[in-house]
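Working notes for the structure below.
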Amino acid sequence: MQHSHIAFDSRWIGQHGIGRFATELQDRLNFTCLFTDPAHPSSFASSIRLGRWLASSGAKALYSPGYIPPSASRLPFVFTIHDLNHLDVEHNSSALKKLYYQLIIRPAVHRAAQVLTVSEFSRQRIIDWADCRPEQVSVVSNGVSDAFHTGVLPRQPGFAYFFCCSNRKGHKNEPRLIRAFRHSGLYRDSKLVFTGTATMELQRLIHRDGLERRVLFTGQLSENELASWYRGAIATVFPSLYEGFGLPVAESMACGTPVITSRTSSMPEVGAGAALYVDPTDTENIATAMLAVAGSEELSRTLSAKGLIQARNFTWDRTADLVSQALEKLSPLIA
């Protein structure tokens, strides 16, 4: 089936999580009928704007790499709900978001030709929440960019470090990781490095624990720079409370770096038997895992070797193929 008949919501393309998914798919599937709009795709008017554009676009169907469906459109569509963090994660939720999901997104799950998602964890959550048929929701996973591999030049900042690819959202569980780093005593011989820039809240915590020179932030990174930070780390520590997928787990593994992550939501699915799992609500448990990896070359080598094998399961080519297969189901609807 030609993708020229299918419109693509290209507003999602960017450097954020869904943005990378959207970018990698467009690079491979090369949609030509693109919806562009200066407003953010997750704004409350977004669904209406998308539906209005679709009606005059000349397209016969729509695929969206994000979770906003087209309103008031009779054309068949497939859209992607990466997770339900706007409902499940208190920090990211609000009464207005919950209402939007109930009034706009839930009915769209039932109207869609197919709903795509990135993990079996998210698939089951969507089925349970929307009360839809199981076959309505398919897993297409995420991929690891070619930038992440063992040939990457390791970052050598002049000190040993643990690395956390994260942002400042509450569910990323960063305060507990900082407290675990302090509790472990590892700050005496190593540092803890986060991506991005610090918030005032984190700066206060770091100051209170006397870790100003031991906890660092990289600022914004390119993919190649990110890969270099992964590659040079003692371990990637990703103690998130909730993830629809958890791309840093797979990216770090592809770089040959041991991974410590949470035994919650999708992380055990992505890491399988190749990561060291912790209770993300238990600071001492996180500290113990960090000490275990730092103190055992054998454990580090084992996690690295298993991680390289596990990371091979996640390629953007495979994701694009699975999305393409899902779009094939639109054929009888647009013939």
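Ordering of the structure tokens sets the chain letters (A, B, ...); residue numbers start at 1 within each chain; ligands are numbered from 1 in the order shown.
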Would you mind listing what lies within 10 Å of A:Gly307 as an MDAnalysis selection string, with only C-alpha atoms counted and same-chain residues fewer than 5 positions away left out?
chainID A and resid 249:259 271:275 301:302 312
If you keep C-alpha atoms, can you produce a file of those selected residues as a JSON list (two decimals), in the first residue's frame?
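As written to disk, result.json reads:
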```json
[["chain", "number", "residue", "atom", "x", "y", "z"],
["A", 249, "VAL", "CA", 17.63, 1.27, 29.17],
["A", 250, "ALA", "CA", 17.94, 0.01, 25.59],
["A", 251, "GLU", "CA", 20.30, 2.81, 24.47],
["A", 252, "SER", "CA", 22.70, 2.20, 27.35],
["A", 253, "MET", "CA", 22.71, -1.55, 26.70],
["A", 254, "ALA", "CA", 23.53, -0.92, 23.03],
["A", 255, "CYS", "CA", 26.59, 1.03, 24.19],
["A", 256, "GLY", "CA", 27.73, -1.90, 26.33],
["A", 257, "THR", "CA", 27.09, -0.12, 29.62],
["A", 258, "PRO", "CA", 25.56, -1.95, 32.62],
["A", 259, "VAL", "CA", 22.03, -0.84, 33.50],
["A", 271, "GLY", "CA", 15.73, -4.91, 30.10],
["A", 272, "ALA", "CA", 14.63, -8.57, 30.37],
["A", 273, "GLY", "CA", 17.39, -10.57, 32.08],
["A", 274, "ALA", "CA", 20.10, -8.07, 31.18],
["A", 275, "ALA", "CA", 19.61, -5.37, 33.84],
["A", 301, "ARG", "CA", 30.97, -7.57, 32.44],
["A", 302, "THR", "CA", 27.96, -9.91, 32.71],
["A", 312, "ARG", "CA", 19.47, -6.07, 19.39]]
```
Polymer residues at most 8 Å from stretch 87-93 of chain A, only C-alpha atoms, same-chain spacing of 6 or more positions, as an NGL selection string
:A and (169-171 or 242)
Write the residues of the preceding selection, restricted to N, CA and C atoms, as a PDB file, in the first residue's frame.
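Contents of the output file result_0.pdb:
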```pdb
ATOM      1  N   LYS A 169      11.086  15.705  35.298  1.00  0.00           N
ATOM      2  CA  LYS A 169       9.715  15.327  35.661  1.00  0.00           C
ATOM      3  C   LYS A 169       9.721  14.439  36.906  1.00  0.00           C
ATOM      4  N   GLY A 170       8.669  14.591  37.714  1.00  0.00           N
ATOM      5  CA  GLY A 170       8.619  13.930  39.010  1.00  0.00           C
ATOM      6  C   GLY A 170       8.769  12.423  38.972  1.00  0.00           C
ATOM      7  N   HIS A 171       8.198  11.773  37.937  1.00  0.00           N
ATOM      8  CA  HIS A 171       8.245  10.313  37.911  1.00  0.00           C
ATOM      9  C   HIS A 171       9.641   9.767  37.600  1.00  0.00           C
ATOM     10  N   TYR A 242       7.803   5.174  36.437  1.00  0.00           N
ATOM     11  CA  TYR A 242       6.824   4.797  35.411  1.00  0.00           C
ATOM     12  C   TYR A 242       7.367   5.128  34.032  1.00  0.00           C
TER      13      TYR A 242
END
```
Test item: residues at most 8 Å from stretch 293-296 of chain A, only C-alpha atoms, excluding those fewer than 4 positions along its chain, as a list of chain:residue names:
A:Ile234, A:Ala235, A:Pro258, A:Ala289, A:Ser300
How would you write, as a ChimeraX atom specification, the set of residues in stretch 194-238 of chain A that DSSP gives as strand (DSSP E or B)?
/A:194,196,215-217,219,236-238
Residues from the last selection, C-alpha atoms, saved as a PDB file, in the first residue's frame:
```
ATOM      1  CA  PHE A 194      22.376  13.817  34.812  1.00  0.00           C
ATOM      2  CA  GLY A 196      19.803  18.461  31.081  1.00  0.00           C
ATOM      3  CA  VAL A 215      26.424  15.744  41.094  1.00  0.00           C
ATOM      4  CA  LEU A 216      26.673  17.296  37.634  1.00  0.00           C
ATOM      5  CA  PHE A 217      24.342  18.174  34.744  1.00  0.00           C
ATOM      6  CA  GLY A 219      22.987  20.417  29.549  1.00  0.00           C
ATOM      7  CA  THR A 236      23.434   3.865  33.725  1.00  0.00           C
ATOM      8  CA  VAL A 237      21.032   4.270  36.643  1.00  0.00           C
ATOM      9  CA  PHE A 238      17.409   4.750  35.574  1.00  0.00           C
TER      10      PHE A 238
END
```
Residues at most 12 Å from A:Pro134, counting only C-alpha atoms, excluding those fewer than 5 positions away in the same chain, as a ChimeraX atom specification?
/A:109-110,114-116,120,123-129,139
For the residues selected in the previous step, produce a file with N, CA and C atoms as a tab-separated table (two decimals), in the first residue's frame.
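Result written to again_18.tsv:
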```tsv
chain	number	residue	atom	x	y	z
A	109	VAL	N	-10.01	5.48	20.75
A	109	VAL	CA	-9.48	4.11	20.79
A	109	VAL	C	-10.46	3.15	20.13
A	110	HIS	N	-11.74	3.36	20.38
A	110	HIS	CA	-12.77	2.47	19.81
A	110	HIS	C	-13.03	2.77	18.34
A	114	GLN	N	-6.71	0.97	14.24
A	114	GLN	CA	-5.74	0.29	15.09
A	114	GLN	C	-5.10	1.32	16.02
A	115	VAL	N	-4.81	0.88	17.23
A	115	VAL	CA	-4.06	1.71	18.18
A	115	VAL	C	-2.70	1.05	18.36
A	116	LEU	N	-1.64	1.84	18.21
A	116	LEU	CA	-0.29	1.32	18.36
A	116	LEU	C	0.29	1.80	19.68
A	120	GLU	N	4.27	-4.11	25.90
A	120	GLU	CA	3.14	-4.93	26.32
A	120	GLU	C	2.52	-4.34	27.59
A	123	ARG	N	0.28	-1.65	26.36
A	123	ARG	CA	-0.85	-2.27	25.65
A	123	ARG	C	-1.92	-2.73	26.64
A	124	GLN	N	-1.49	-3.42	27.69
A	124	GLN	CA	-2.46	-3.94	28.66
A	124	GLN	C	-3.15	-2.81	29.41
A	125	ARG	N	-2.40	-1.75	29.72
A	125	ARG	CA	-3.00	-0.59	30.40
A	125	ARG	C	-4.06	0.06	29.53
A	126	ILE	N	-3.78	0.20	28.23
A	126	ILE	CA	-4.74	0.83	27.31
A	126	ILE	C	-5.99	-0.02	27.19
A	127	ILE	N	-5.81	-1.33	27.05
A	127	ILE	CA	-6.96	-2.24	26.93
A	127	ILE	C	-7.83	-2.17	28.18
A	128	ASP	N	-7.19	-2.19	29.35
A	128	ASP	CA	-7.94	-2.15	30.62
A	128	ASP	C	-8.67	-0.81	30.78
A	129	TRP	N	-7.97	0.28	30.47
A	129	TRP	CA	-8.55	1.61	30.67
A	129	TRP	C	-9.68	1.91	29.68
A	139	VAL	N	1.58	-3.77	19.66
A	139	VAL	CA	2.88	-3.27	20.12
A	139	VAL	C	3.83	-3.15	18.93
```
Every residue of stretch 29-244 of chain A that DSSP places in alpha helix (DSSP H), as a PyMOL selection string
chain A and resi 29+46-55+85-88+95-100+106-111+120-130+174-184+200-208+223-232
